[in-house]
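Q: One structure is given below, represented as structure tokens, and several questions about it will come after.
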Amino acid sequence: MDTLNILYLVGALLIFASIMASTLSARLGVPLLLLFLMVGMLAGEQGILGIEFSQYGIANFVGQAALACILLDGGLRTSFKSFRVGLKPAVTLATWGVLATVMILGVFVTWLLDVDWRFGLLMAAIVGSTDAAAVFSLLRNGGVKLNDRVQATLELESGANDPLAILLVTGLIALNVDPAGQTVFGFLILLFQQLSFGLGMGLLFGYLLSRLLPKIHLAEGMYAILILSAGLSVFAATNLIGGSGFLAVYLTGVMIGNHKVRSTEHVMRVMDSFAWLSQAVLFVVLGLLVTPSNVINVWHYSVAIALFMIFVARPIAVYTSVKPFKFKDREIGFISWVGLRGAVPITLAILPVMAGIDNAFMLFDIAFGVVVLSLILQGTTIPIMANLFKVRIPTNDDPKEEHEVWVSDKASITLYEFEVQSGAFAIGRHPMDISKRISSDEISVFALVRRQRIVVVDEDTKLKFGDSVWYAMRGDHARKIAKIFNDTTLDRKVIDDFYGDWLLSPSVKLGDLPFFTAMMQSESLVDNLQSDSDSPKTMWEQTVAEYVTGNLGTALVSGDTVAINDKWSLVIKEMDDKGKLRTIGLKRQEQPI
């Protein structure tokens, strides 16, 4: 009994320490997942507690379950809007991108380690895919708003590339163990089986579960347990029939998350805790499993492989994958940089150890070193690189918090919190006056919080800097109100510098803009317009929307830029949920785009 209690105590303290360490993450700029790993290593056999843990089977069990939970949560938070702008490039990255990375990196590893090519490819396959836990955590909680195309592509890639990576590792393990028994045709059949079964099971059971949820009534805390148990069932069942359980559980989450009902509100809140617990347990266990001295012994290999992967293999794979989809070079550069490695490579590195492959422990130690370097080098520099590659979108139209409250099985009201910023338009105004400016019928004041206390709103109430106002809303008005609370002088300058000083309607014609009248006259374009009504429109006859759409040739997102000439450009500012243009900025610049 004492042994059992000791296990409970140590396990709980490790998780507690990991969560407490998370408070340092933002201050130090260190990825939270790296802190979880460090806690595990400090508690390990060469750390402070000296816990000897070498149960690779248990670690693999924990890893598979935790990754399934993380992917389910990631799917629940993936909007169908992401598929509009990122599905095709993400699928290409998750297939050809992984293959290209493994092939290029495999050649380098084979030369570097001076090993058989099968062993070199196995090492490359282990670290060849990006990690959903790392990508979801750092992109969604990193405080950086990215271009939607880039964000969607990275998140969908990380959720979809695990099946091919796992299949490659499994196939290459078999190739190392029994080279004569493996064929290319057999590998392709297995790949098709994994992807097709995973896709089919995920879509089928995701649809069924999304239809089931509105028909059942449970205690609030039970919905998330129901979805988690169902998701893990889909994961396990898909694996049993030879499909990709990771792809299936991710798609199950996507289908459920995009069919919002009353129960979804409770699921999202609790699943967030499950996902964080899974990440903490997974990375602490992996930290316990590793022997730091062994990692240090092969650190030079880890550094060489990580650098080659980050600066050579990943960029080539990304460029050849997404360039056909009209991605700009700066977007390709950022996607190449955010090829984060995390729990997946370490979990995959356990498989060769369990299969008894020669030098498998070296593979594990190198993979661990690569993950640590990736989290440090790439994970800590995401905000810097987002600015460098110009994929960061400035915004002042996001509420501080939002909570959806379902008042019936089919109707909901969303509560939004807005905090009054210094110099904002809201200062000195009544909170009801602000809501009436937008919509008097669909917005009402729910609460006013000042210095952590609720203030009674009367006719003389005036907003002050630091006040938080909660509005209950029906309809899409949050962005408009957010601008009133957040629109400070500094924010306006940053946004004007990004989008330009003039905002245009998508329906206005370029030729009607006074900025280009002299240009049209100097080029004599008006006199040379073709009289044939069936001929293509000239540049100046096109609306702003037509010109932008025709020049980009891809799904539009906020932040996309199209040059008119070397002095003027159009920058997309707002899109609706269906991908149609709302507002476009006209920007004057000194340098060509």
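Chain identifiers are assigned as A, B, and so on, following the order in which chains appear in the structure tokens; residues are numbered from 1 within each chain, and ligands are numbered from 1 in order of appearance.
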Find the residues of range 161-267 of chain A that sit at most 8 Å from range 341-349 of chain A; for each, write down the nearest two atoms and how far apart they are in Å, to one decimal. Count only C-alpha atoms. Sort by chain, then by number going up, and give it as a tab-separated table.

A:
```
residue	atom	partner	partner_atom	distance
A:Asp162	CA	A:Val344	CA	7.8
A:Ile166	CA	A:Leu348	CA	7.1
A:Val169	CA	A:Leu348	CA	7.2
```

Q: Next, dump the selected residues to file, keeping only all heavy atoms, as a PDB file, in the first residue's frame.

A:
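Below is the file that was written, result-v7.pdb:
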```
ATOM      1  N   ASP A 162       0.758  12.444 -39.134  1.00  0.00           N
ATOM      2  CA  ASP A 162       1.161  11.323 -38.281  1.00  0.00           C
ATOM      3  C   ASP A 162       0.957   9.955 -38.944  1.00  0.00           C
ATOM      4  O   ASP A 162       1.812   9.070 -38.787  1.00  0.00           O
ATOM      5  CB  ASP A 162       0.410  11.366 -36.946  1.00  0.00           C
ATOM      6  CG  ASP A 162       0.874  12.516 -36.071  1.00  0.00           C
ATOM      7  OD1 ASP A 162       1.991  13.007 -36.291  1.00  0.00           O
ATOM      8  OD2 ASP A 162       0.117  12.931 -35.187  1.00  0.00           O
ATOM      9  N   ILE A 166       4.040   7.320 -39.059  1.00  0.00           N
ATOM     10  CA  ILE A 166       3.960   6.055 -38.327  1.00  0.00           C
ATOM     11  C   ILE A 166       4.119   4.875 -39.283  1.00  0.00           C
ATOM     12  O   ILE A 166       4.817   3.894 -38.990  1.00  0.00           O
ATOM     13  CB  ILE A 166       2.634   5.967 -37.554  1.00  0.00           C
ATOM     14  CG1 ILE A 166       2.599   7.019 -36.449  1.00  0.00           C
ATOM     15  CG2 ILE A 166       2.427   4.575 -36.961  1.00  0.00           C
ATOM     16  CD1 ILE A 166       1.249   7.188 -35.800  1.00  0.00           C
ATOM     17  N   VAL A 169       7.782   4.572 -40.332  1.00  0.00           N
ATOM     18  CA  VAL A 169       8.601   3.993 -39.261  1.00  0.00           C
ATOM     19  C   VAL A 169       8.327   2.501 -39.127  1.00  0.00           C
ATOM     20  O   VAL A 169       9.260   1.687 -39.028  1.00  0.00           O
ATOM     21  CB  VAL A 169       8.321   4.718 -37.922  1.00  0.00           C
ATOM     22  CG1 VAL A 169       8.996   3.979 -36.766  1.00  0.00           C
ATOM     23  CG2 VAL A 169       8.822   6.151 -37.985  1.00  0.00           C
TER      24      VAL A 169
END
```

Q: Select from range 27-90 of chain A every residue with an atom at most 8 Å from any atom of range 248-251 of chain A, then for each give the shortest pair of atoms and their distance in Å to one decimal, using only C-alpha atoms, rows by chain and rising number, as a Markdown table.

A:
```
| residue | atom | partner | partner_atom | distance |
| --- | --- | --- | --- | --- |
| A:Ala68 | CA | A:Val249 | CA | 6.5 |
| A:Leu71 | CA | A:Tyr250 | CA | 5.1 |
| A:Leu72 | CA | A:Tyr250 | CA | 5.0 |
| A:Asp73 | CA | A:Tyr250 | CA | 7.9 |
| A:Gly74 | CA | A:Tyr250 | CA | 7.0 |
| A:Gly75 | CA | A:Tyr250 | CA | 4.9 |
```

Q: As an exercise, work out the distance from CA of Arg479 in chain A to CA of Met268 in chain A in Å and give it to one decimal place.

A: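 These two atoms are separated by 22.3 Å.
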
Q: With only C-alpha atoms as the basis for distance, which of A:Pro315, A:Gly231, A:Gly253, A:Gly106 is at the shortest distance from Thr78 in chain A?

A: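 The shortest atom-to-atom distance to Thr78 in chain A comes from A:Gly253.
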
Q: Rank nothing, just name the residue among A:Ser293, A:Gln452, A:Ser336, A:Ser435 nearest to Gly44 in chain A, using only C-alpha atoms.

A: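 Answer, going by the shortest atom-to-atom distance: A:Ser293.
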
Q: From a backbone DSSP assignment, name each residue in range 169-414 of chain A labelled helix (DSSP H, G or I), as a PyMOL selection string.

A: chain A and resi 169-177+179-181+184-215+220-240+245-257+262-289+292-297+299-325+329-337+343-355+360-377+379-388

Q: For Asn294 in chain A, which of A:Leu375, A:Leu212, A:Leu93, A:Ala367 is the closest residue, counting only C-alpha atoms?

A: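 For Asn294 in chain A, the nearest of the candidates is A:Ala367.
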
Q: Can you pull out the residues contacting Ile241 in chain A? Cut-off 10 Å, using only C-alpha atoms, and skip same-chain residues under 3 positions away; I want them as a PyMOL selection string.

A: chain A and resi 193-194+197-198+236-238+244-245

Q: Between A:His477, A:Leu156, A:Thr561, A:Pro214, which one has atoms that come closest to Ala411 in chain A, using only C-alpha atoms?

A: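 Closest to Ala411 in chain A of all the choices is A:Pro214.
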
Q: Rank nothing, just name the residue among A:Leu138, A:Leu340, A:His259, A:Arg149 nearest to Pro383 in chain A, using only C-alpha atoms.

A: A:Leu138

Q: Skip Ala355 in chain A itself and residues of its chain fewer than 6 positions away, then list as a list in words all residues within 10 Å of it, counting only C-alpha atoms.

A: Thr170, Ile173, Ala174 and Val177 of chain A

Q: Compile the contact shell of range 281-291 of chain A as an mmCIF file with C-alpha atoms, in the first residue's frame: residues with an atom at most 8 Å away, counting only C-alpha atoms, same-chain residues fewer than 6 positions apart removed.

A:
```cif
data_model
loop_
_atom_site.group_PDB
_atom_site.id
_atom_site.type_symbol
_atom_site.label_atom_id
_atom_site.label_comp_id
_atom_site.auth_asym_id
_atom_site.auth_seq_id
_atom_site.Cartn_x
_atom_site.Cartn_y
_atom_site.Cartn_z
ATOM 1 C CA LEU A 14 5.401 15.817 -11.046
ATOM 2 C CA ILE A 15 2.231 16.979 -12.768
ATOM 3 C CA SER A 18 4.878 20.842 -14.498
ATOM 4 C CA LEU A 33 6.240 21.495 -23.599
ATOM 5 C CA PHE A 36 7.322 19.481 -19.069
ATOM 6 C CA LEU A 37 10.257 17.541 -20.518
ATOM 7 C CA MET A 38 12.676 19.236 -18.121
ATOM 8 C CA VAL A 39 10.498 18.323 -15.111
ATOM 9 C CA GLY A 40 10.569 14.687 -16.189
ATOM 10 C CA MET A 41 14.338 14.737 -16.717
ATOM 11 C CA LEU A 42 14.947 16.378 -13.330
ATOM 12 C CA ALA A 43 12.909 13.619 -11.689
ATOM 13 C CA GLY A 44 14.641 10.871 -13.677
ATOM 14 C CA GLU A 45 17.485 8.559 -12.789
ATOM 15 C CA GLN A 46 20.125 11.255 -13.258
ATOM 16 C CA ILE A 51 13.581 7.757 -10.412
ATOM 17 C CA GLU A 52 14.643 4.831 -12.607
ATOM 18 C CA PHE A 53 12.091 4.433 -15.380
ATOM 19 C CA SER A 54 12.864 2.308 -18.429
ATOM 20 C CA GLN A 55 9.446 0.876 -19.243
ATOM 21 C CA TYR A 56 9.277 1.605 -22.970
ATOM 22 C CA ALA A 59 5.714 4.940 -22.238
ATOM 23 C CA VAL A 62 0.875 6.582 -22.484
ATOM 24 C CA GLY A 63 2.173 8.244 -25.638
ATOM 25 C CA ALA A 66 -2.110 11.094 -24.937
ATOM 26 C CA ALA A 343 6.187 14.044 -28.625
ATOM 27 C CA ILE A 346 10.124 10.522 -29.270
ATOM 28 C CA ASP A 365 18.717 9.499 -27.780
ATOM 29 C CA PHE A 368 15.217 13.226 -28.107
#
```

Q: Can you tell me, as an MDAnalysis selection string, what residues are no more than 8 Å from Glu404 in chain A when counting only C-alpha atoms, ignoring any on the same chain fewer than 4 positions away?

A: chainID A and resid 265 412:415

Q: Report as a ChimeraX atom specification all protein, DNA and RNA residues lying within 12 Å of Thr320 in chain A, evaluated on only C-alpha atoms, omitting residues in the same chain fewer than 4 positions from it.

A: /A:89,92-93,95-101,313-316,324-327,329,332,336

Q: Please return as a count of residues only: the residues of range 234-438 of chain A that backbone DSSP assigns to strand (DSSP E).

A: 14

Q: With only C-alpha atoms as the basis for distance, which of A:Glu541, A:Val312, A:Val353, A:Leu373 is at the shortest distance from Gly57 in chain A?

A: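 Smallest distance to Gly57 in chain A is found for A:Val353.
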
Q: CA of Ile70 in chain A to CA of Met354 in chain A: how many Å, to one decimal?

A: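 Distance between the two atoms: 23.8 Å.
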